[in-house]
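A.B. asks: Pasting in a structure now, in structure tokens, and then I'll have a few things to ask.
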Amino acid sequence: MKFPFTQQPDTQRARSWRWLVPVLLVLLFLAVLIWLPWQARQMEQTERQEQLIADTLWVEQTLRFELARSEEALAGLGADLVSRPPQQQLTPQALQARFRQMFENGPELVRIVWYDADGKVMASHGLEPPAALPAPTRLAAEVAGATRRGRYSEPYGASDATPGVLDFYLPLYAGGKPAGSLVATYSLQTLLDETVPWWFAQDNALTLLDREDDPVARRAAGGPGRGVYTHRRELDLPGALVVLSTDSVKRAPQLLPNLLVGSVIVLALGLVLSLGSLWRHISRTLAAERALRQQMAFRTAMENSLITGLRARDLEGRVTYVNRAFCEIVGLPAEDLVGKKPPMPYWAPEVMAEYEERFAGVLSGNITPQFETVFQRPDGMRVPVLVYEAPLVDADGRQTGWMSSIQDITDRKRAEELNRQQQEKLENSARLATMGEMSSMLAHELNQPLAAISSYTAGALNVLERTGKAGEPVNAGMLRHALEQARQQAQRAGQIIRSVHEFVKKREPRREPVTIPSVVEGVRALVELQARQAGVILRVELPPQLPKVEADRVMLEQVLLNLTRNAIEAMVDTRLDQRVLRIGAAHAEGMVSVSVIDRGHGIAPEVAAGLFSPFYSTKAEGMGMGLSICRTAIEFHGGTLTHAPNPGGGTIFTFSLPAQAASGALG
């Protein structure tokens, strides 16, 4: 019974100290929280006041330097006026030039007057000289005459609406005798405006005060001062008492002036919150333990509901965990697997060497993240599986083994085999469709040269029939021309068959340098024949200089024939006077473009979407291969075939091909 009584006071003492320390820390922080803002405010006030004093001193020195520079300039001018021999005296023009230079160097100067020994005005610049010297200036003149040094007068002339001025009286002596004086008048307001930098005037209200503390000049660009930070500094002017007073426009610092104080507040609040969290620590720990047990039960149920097998192994390859799905895949219970080391009972004999090699890699730390293999069930059934492996680490980040997820891919293998069979069927069907498409293309492409041969032979027979009835001799030249054209069209038909054969063999067509005019000329006769039958006027507009293109001439002729034939057929319903077919060409940006322009019915938007598709046609007797073949032929040459509405009505088909070098241009 002594054990509880001896331990209870110690336990209570430990608990009291555990709560006393945070309470003391909170009290300390509260004390710091009260003292620190006040101390920071005092430090900021002192810093601002010291900065104002330093800036005021700098401004005072700047003002004094500006006046001293003017004093030196006046002393130099006075020496030149009384020390030079008569023949070297300054001329009035030179004297005025000196005055102007002094005014430019010192904008605060408003007047300079030169008096002789009798007080007579010899020269002046700026404001008109006063009829008599002001009283402050006369007093400064008396002291200057006694000391033989320049002297400033007290500021005078200041009122509520007018700033004051200041005179500098400089006596002149020649050979030790009075020789006159120079009196310079300064505008104190201009001195403040021109000398004090804008940034200082923006933060401070500046005032120049006389001996009676009356303001003689002010500058408050940032507004009136607040009376918190002020400083007074006397200007070191011989004979005059002028005080520079500065009053900052800044307010006194706030109670919470900086981030440091805010940080202390946040820390104090955090400490208070930490005390509250301590009260709940034990209850949360107990709740966490209960939640952990629930999570373990939930995880076990979730793992058992998965269709993906899970397997964990240690660093020696011993199985430490399997889920229900893994047991179903291999057909073995968990007790036959957990704790076992390779070789495993589910390894298939035909892949035993692969298993052993992969297991050796696992022991050496080198795993295959993903691989396919085969497991064998006790009944001898093979199960194809996909295995994912990754390192298994503990809470301290140390690797304790390997975790694997195993998927039964039997259904996927069956689907892949079925897909392979379907793919073979689709390829056979595609080859049959290609054979049909090539047959249609051959029939379509041979139709035009055969029609041309028929037209030329019919024309020759008509000539023979007309000449036979009329008893006239046969025009051999005309017949020769018709038969020659028929022969060329027959040759072209053979070339078409060879070109289609090239398409079937999926080879690039034979390319050679050709000119667009020669291609147009090769089909012009046939185009004109078709145009005359439809009442269409053909106009060929080709520029004199066009580069050559690298292309198959026969294919380009077929493209041009297809496009012109479509254009002629599109103008069947067009008025006779507007049935004009134009063939044009252009060269720009390294491309040679050929345009076939008609005045037909145009292309509707719903038709344009499938215009270049194979077997798409808007004609009752058409097979829908013309434009598809045309685009294929142009794309074989690295070009493009496009269409656009004709502003005058109809359609413009344009094919563009890469141009050859400049040496290939037509002459």
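Each chain of the structure tokens is named A, B, ... in the order shown, its residues numbered from 1; ligands are numbered from 1 in display order.
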Per DSSP on the backbone, filter stretch 109-249 of chain A down to the residues in strand (DSSP E or B) and report them as an NGL selection string.
C.D. replies: :A and (109-115 or 121-126 or 151-152 or 156 or 165-174 or 177-187 or 204-209 or 215-219 or 230-237 or 240-248)
A.B. asks: So which one's closest to A:Glu66, A:Ala460, A:Leu191, A:Leu133, A:Val32? Using only C-alpha atoms, please.
C.D. replies: A:Leu191
A.B. asks: Of the residues A:Gln488, A:Asn566, A:Thr632, A:Thr373, which is the one nearest to A:Glu354, using only C-alpha atoms?
C.D. replies: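 That would be A:Thr373, the residue with the smallest distance to A:Glu354.
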A.B. asks: Would you kindly return, as a ChimeraX atom specification, each protein, DNA or RNA residue with an atom no farther than 12 Å from any atom of stretch 46-49 of chain A, considering only C-alpha atoms and excluding same-chain residues fewer than 6 positions away?
C.D. replies: /A:39-40,55-56,203-204,227-232,246-253
A.B. asks: Store the residues picked out above in a file with C-alpha atoms, as a compact mmCIF listing (two decimals), in the first residue's frame.
C.D. replies:
```
# COMPACT_ATOMS: atom_id res chain seq x y z
CA GLN A 39 9.47 49.94 -27.41
CA ALA A 40 9.21 49.55 -31.18
CA ASP A 55 18.22 65.75 -43.55
CA THR A 56 17.67 69.26 -42.13
CA ASP A 203 7.84 64.69 -46.75
CA ASN A 204 8.47 67.90 -44.81
CA GLY A 227 4.21 68.80 -35.41
CA VAL A 228 5.40 65.29 -34.48
CA TYR A 229 8.89 65.42 -35.94
CA THR A 230 10.38 68.95 -36.06
CA HIS A 231 13.81 70.56 -36.12
CA ARG A 232 15.25 74.08 -36.33
CA THR A 246 11.36 71.60 -40.80
CA ASP A 247 8.11 69.90 -39.79
CA SER A 248 7.50 66.36 -41.04
CA VAL A 249 4.15 65.43 -42.56
CA LYS A 250 4.40 61.91 -41.11
CA ARG A 251 2.21 60.80 -38.26
CA ALA A 252 3.41 59.18 -35.10
CA PRO A 253 3.97 55.42 -35.54
```
A.B. asks: Among stretch 200-302 of chain A, which residues carry a DSSP assignment of helix (DSSP H, G or I), reported as number ranges by chain?
C.D. replies: A: 200-203, 259-279, 281-302
A.B. asks: Atoms to include: C-alpha atoms. Write the selected residues as a compact mmCIF listing (two decimals), in the first residue's frame.
C.D. replies:
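Here's the written file part09.txt:
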```
# COMPACT_ATOMS: atom_id res chain seq x y z
CA PHE A 200 12.55 66.26 -48.95
CA ALA A 201 9.91 68.90 -49.59
CA GLN A 202 7.35 66.16 -50.24
CA ASP A 203 7.84 64.69 -46.75
CA LEU A 259 5.96 42.56 -38.77
CA LEU A 260 7.96 41.70 -35.68
CA VAL A 261 5.16 42.72 -33.34
CA GLY A 262 2.66 40.87 -35.46
CA SER A 263 4.86 37.78 -35.31
CA VAL A 264 4.92 37.97 -31.52
CA ILE A 265 1.14 38.18 -31.45
CA VAL A 266 0.85 35.18 -33.71
CA LEU A 267 3.29 33.24 -31.53
CA ALA A 268 1.35 34.15 -28.41
CA LEU A 269 -1.91 33.07 -29.97
CA GLY A 270 -0.23 29.88 -31.13
CA LEU A 271 0.91 29.18 -27.61
CA VAL A 272 -2.60 29.65 -26.29
CA LEU A 273 -3.89 27.28 -28.93
CA SER A 274 -1.19 24.77 -28.02
CA LEU A 275 -2.42 24.82 -24.43
CA GLY A 276 -5.89 23.97 -25.64
CA SER A 277 -4.52 21.18 -27.77
CA LEU A 278 -2.76 19.69 -24.76
CA TRP A 279 -6.09 19.27 -23.01
CA HIS A 281 -4.17 15.25 -26.51
CA ILE A 282 -5.05 12.18 -24.49
CA SER A 283 -8.62 11.98 -25.76
CA ARG A 284 -7.41 12.36 -29.34
CA THR A 285 -4.83 9.65 -28.80
CA LEU A 286 -7.50 7.26 -27.63
CA ALA A 287 -9.73 8.26 -30.52
CA ALA A 288 -6.85 7.71 -32.93
CA GLU A 289 -6.29 4.22 -31.58
CA ARG A 290 -9.94 3.38 -32.05
CA ALA A 291 -9.87 4.87 -35.57
CA LEU A 292 -6.74 2.88 -36.34
CA ARG A 293 -8.43 -0.35 -35.40
CA GLN A 294 -11.39 0.60 -37.56
CA GLN A 295 -9.11 1.49 -40.44
CA MET A 296 -7.33 -1.82 -40.18
CA ALA A 297 -10.64 -3.63 -40.32
CA PHE A 298 -11.74 -1.46 -43.23
CA ARG A 299 -8.47 -2.02 -45.10
CA THR A 300 -8.71 -5.74 -44.62
CA ALA A 301 -12.27 -5.77 -45.95
CA MET A 302 -11.28 -3.56 -48.86
```
A.B. asks: Can you pull out every residue within 9 Å of stretch 76-80 of chain A, counting only C-alpha atoms, but drop anything in the same chain fewer than 4 positions away, and send it as a ChimeraX atom specification?
C.D. replies: /A:71-72,84,89-90,95,98-99,114,170-174,181-182
A.B. asks: What does the file look like for those residues with all heavy atoms, as a short mmCIF file (atom, residue, chain, number, x, y, z; two decimals), in the first residue's frame?
C.D. replies:
```
data_model
loop_
_atom_site.label_atom_id
_atom_site.label_comp_id
_atom_site.auth_asym_id
_atom_site.auth_seq_id
_atom_site.Cartn_x
_atom_site.Cartn_y
_atom_site.Cartn_z
N GLU A 71 28.21 84.45 -53.24
CA GLU A 71 29.15 85.41 -52.63
C GLU A 71 30.48 85.43 -53.39
O GLU A 71 31.05 86.51 -53.64
CB GLU A 71 29.38 85.03 -51.16
CG GLU A 71 28.16 85.19 -50.27
CD GLU A 71 28.42 84.64 -48.88
OE1 GLU A 71 29.62 84.44 -48.55
OE2 GLU A 71 27.46 84.41 -48.13
N GLU A 72 30.98 84.28 -53.74
CA GLU A 72 32.24 84.21 -54.47
C GLU A 72 32.13 84.88 -55.83
O GLU A 72 33.05 85.58 -56.27
CB GLU A 72 32.65 82.75 -54.63
CG GLU A 72 33.01 82.07 -53.32
CD GLU A 72 33.36 80.60 -53.53
OE1 GLU A 72 33.30 80.16 -54.70
OE2 GLU A 72 33.69 79.92 -52.55
N ARG A 84 41.04 96.54 -62.10
CA ARG A 84 41.61 96.60 -63.44
C ARG A 84 42.02 98.03 -63.79
O ARG A 84 41.41 99.00 -63.32
CB ARG A 84 40.59 96.10 -64.47
CG ARG A 84 40.29 94.61 -64.36
CD ARG A 84 39.41 94.18 -65.49
NE ARG A 84 39.12 92.74 -65.43
CZ ARG A 84 38.43 92.09 -66.34
NH1 ARG A 84 37.96 92.76 -67.40
NH2 ARG A 84 38.21 90.80 -66.21
N GLN A 89 38.91 98.19 -68.10
CA GLN A 89 37.66 98.18 -67.37
C GLN A 89 36.58 97.46 -68.18
O GLN A 89 36.59 97.46 -69.41
CB GLN A 89 37.21 99.62 -67.06
CG GLN A 89 38.10 100.35 -66.07
CD GLN A 89 37.99 99.75 -64.69
OE1 GLN A 89 36.94 99.31 -64.28
NE2 GLN A 89 39.11 99.73 -63.97
N LEU A 90 35.65 96.82 -67.47
CA LEU A 90 34.56 96.11 -68.13
C LEU A 90 33.64 97.08 -68.85
O LEU A 90 33.25 98.12 -68.29
CB LEU A 90 33.74 95.32 -67.11
CG LEU A 90 34.44 94.14 -66.42
CD1 LEU A 90 33.54 93.55 -65.35
CD2 LEU A 90 34.80 93.07 -67.43
N LEU A 95 29.68 93.86 -68.61
CA LEU A 95 29.16 93.84 -67.24
C LEU A 95 27.78 93.21 -67.21
O LEU A 95 27.47 92.39 -66.33
CB LEU A 95 29.12 95.27 -66.69
CG LEU A 95 28.62 95.41 -65.24
CD1 LEU A 95 29.49 94.59 -64.30
CD2 LEU A 95 28.60 96.88 -64.84
N ARG A 98 28.07 89.55 -67.43
CA ARG A 98 28.43 88.93 -66.15
C ARG A 98 27.21 88.83 -65.24
O ARG A 98 27.01 87.83 -64.54
CB ARG A 98 29.52 89.76 -65.47
CG ARG A 98 30.89 89.71 -66.19
CD ARG A 98 31.59 88.39 -65.91
NE ARG A 98 31.97 88.27 -64.51
CZ ARG A 98 33.12 88.73 -64.00
NH1 ARG A 98 33.99 89.36 -64.78
NH2 ARG A 98 33.40 88.57 -62.72
N PHE A 99 26.40 89.90 -65.24
CA PHE A 99 25.19 89.87 -64.43
C PHE A 99 24.27 88.72 -64.86
O PHE A 99 23.73 87.98 -64.03
CB PHE A 99 24.44 91.21 -64.56
CG PHE A 99 25.07 92.33 -63.77
CD1 PHE A 99 24.82 93.67 -64.08
CD2 PHE A 99 25.92 92.06 -62.70
CE1 PHE A 99 25.39 94.69 -63.36
CE2 PHE A 99 26.49 93.09 -61.98
CZ PHE A 99 26.23 94.41 -62.31
N TRP A 114 25.25 97.99 -58.61
CA TRP A 114 26.63 98.46 -58.38
C TRP A 114 26.55 99.96 -58.06
O TRP A 114 26.06 100.75 -58.87
CB TRP A 114 27.48 98.20 -59.63
CG TRP A 114 28.88 98.77 -59.52
CD1 TRP A 114 29.60 98.98 -58.40
CD2 TRP A 114 29.69 99.20 -60.60
NE1 TRP A 114 30.84 99.50 -58.68
CE2 TRP A 114 30.92 99.64 -60.06
CE3 TRP A 114 29.53 99.24 -61.99
CZ2 TRP A 114 31.96 100.14 -60.84
CZ3 TRP A 114 30.58 99.72 -62.76
CH2 TRP A 114 31.78 100.17 -62.18
N LEU A 170 28.26 94.02 -50.30
CA LEU A 170 29.69 93.76 -50.45
C LEU A 170 30.40 95.08 -50.71
O LEU A 170 30.23 95.69 -51.78
CB LEU A 170 29.95 92.80 -51.62
CG LEU A 170 31.41 92.49 -51.91
CD1 LEU A 170 32.05 91.73 -50.74
CD2 LEU A 170 31.54 91.68 -53.19
N PRO A 171 31.21 95.61 -49.74
CA PRO A 171 31.96 96.86 -49.97
C PRO A 171 33.13 96.61 -50.91
O PRO A 171 33.75 95.54 -50.89
CB PRO A 171 32.41 97.25 -48.57
CG PRO A 171 32.50 95.97 -47.82
CD PRO A 171 31.43 95.09 -48.38
N LEU A 172 33.42 97.62 -51.74
CA LEU A 172 34.54 97.53 -52.68
C LEU A 172 35.61 98.55 -52.29
O LEU A 172 35.30 99.68 -51.88
CB LEU A 172 34.05 97.80 -54.11
CG LEU A 172 32.91 96.90 -54.64
CD1 LEU A 172 32.52 97.32 -56.05
CD2 LEU A 172 33.33 95.44 -54.62
N TYR A 173 36.85 98.13 -52.42
CA TYR A 173 37.99 98.99 -52.05
C TYR A 173 39.01 98.94 -53.17
O TYR A 173 39.27 97.88 -53.76
CB TYR A 173 38.63 98.53 -50.73
CG TYR A 173 37.73 98.71 -49.54
CD1 TYR A 173 36.86 97.69 -49.15
CD2 TYR A 173 37.76 99.90 -48.82
CE1 TYR A 173 36.02 97.85 -48.06
CE2 TYR A 173 36.92 100.06 -47.72
CZ TYR A 173 36.06 99.04 -47.35
OH TYR A 173 35.25 99.20 -46.28
N ALA A 174 39.61 100.14 -53.44
CA ALA A 174 40.69 100.26 -54.44
C ALA A 174 41.83 101.03 -53.79
O ALA A 174 41.66 102.20 -53.42
CB ALA A 174 40.19 100.97 -55.69
N SER A 181 30.24 99.72 -53.87
CA SER A 181 29.69 98.49 -53.28
C SER A 181 28.84 97.75 -54.31
O SER A 181 28.40 98.33 -55.30
CB SER A 181 28.84 98.82 -52.04
OG SER A 181 27.74 99.63 -52.41
N LEU A 182 28.66 96.46 -54.03
CA LEU A 182 27.74 95.61 -54.79
C LEU A 182 26.66 95.11 -53.83
O LEU A 182 26.98 94.61 -52.74
CB LEU A 182 28.45 94.41 -55.42
CG LEU A 182 29.29 94.68 -56.65
CD1 LEU A 182 30.06 93.43 -57.05
CD2 LEU A 182 28.42 95.15 -57.82
#
```
A.B. asks: For A:Glu589, list every protein, DNA or RNA residue within 10 Å, evaluated using only C-alpha atoms, and leave out those in the same chain fewer than 2 positions away; present the list as an NGL selection string.
C.D. replies: :A and (587 or 591-592 or 658-659)
A.B. asks: Let me see the file: selected residues, C-alpha atoms, as a compact mmCIF listing (two decimals), in the first residue's frame.
C.D. replies:
```
# COMPACT_ATOMS: atom_id res chain seq x y z
CA HIS A 587 4.14 32.50 -108.54
CA MET A 591 4.97 28.08 -104.93
CA VAL A 592 3.50 27.95 -108.44
CA PRO A 658 6.73 23.86 -105.06
CA ALA A 659 8.68 25.88 -107.61
```
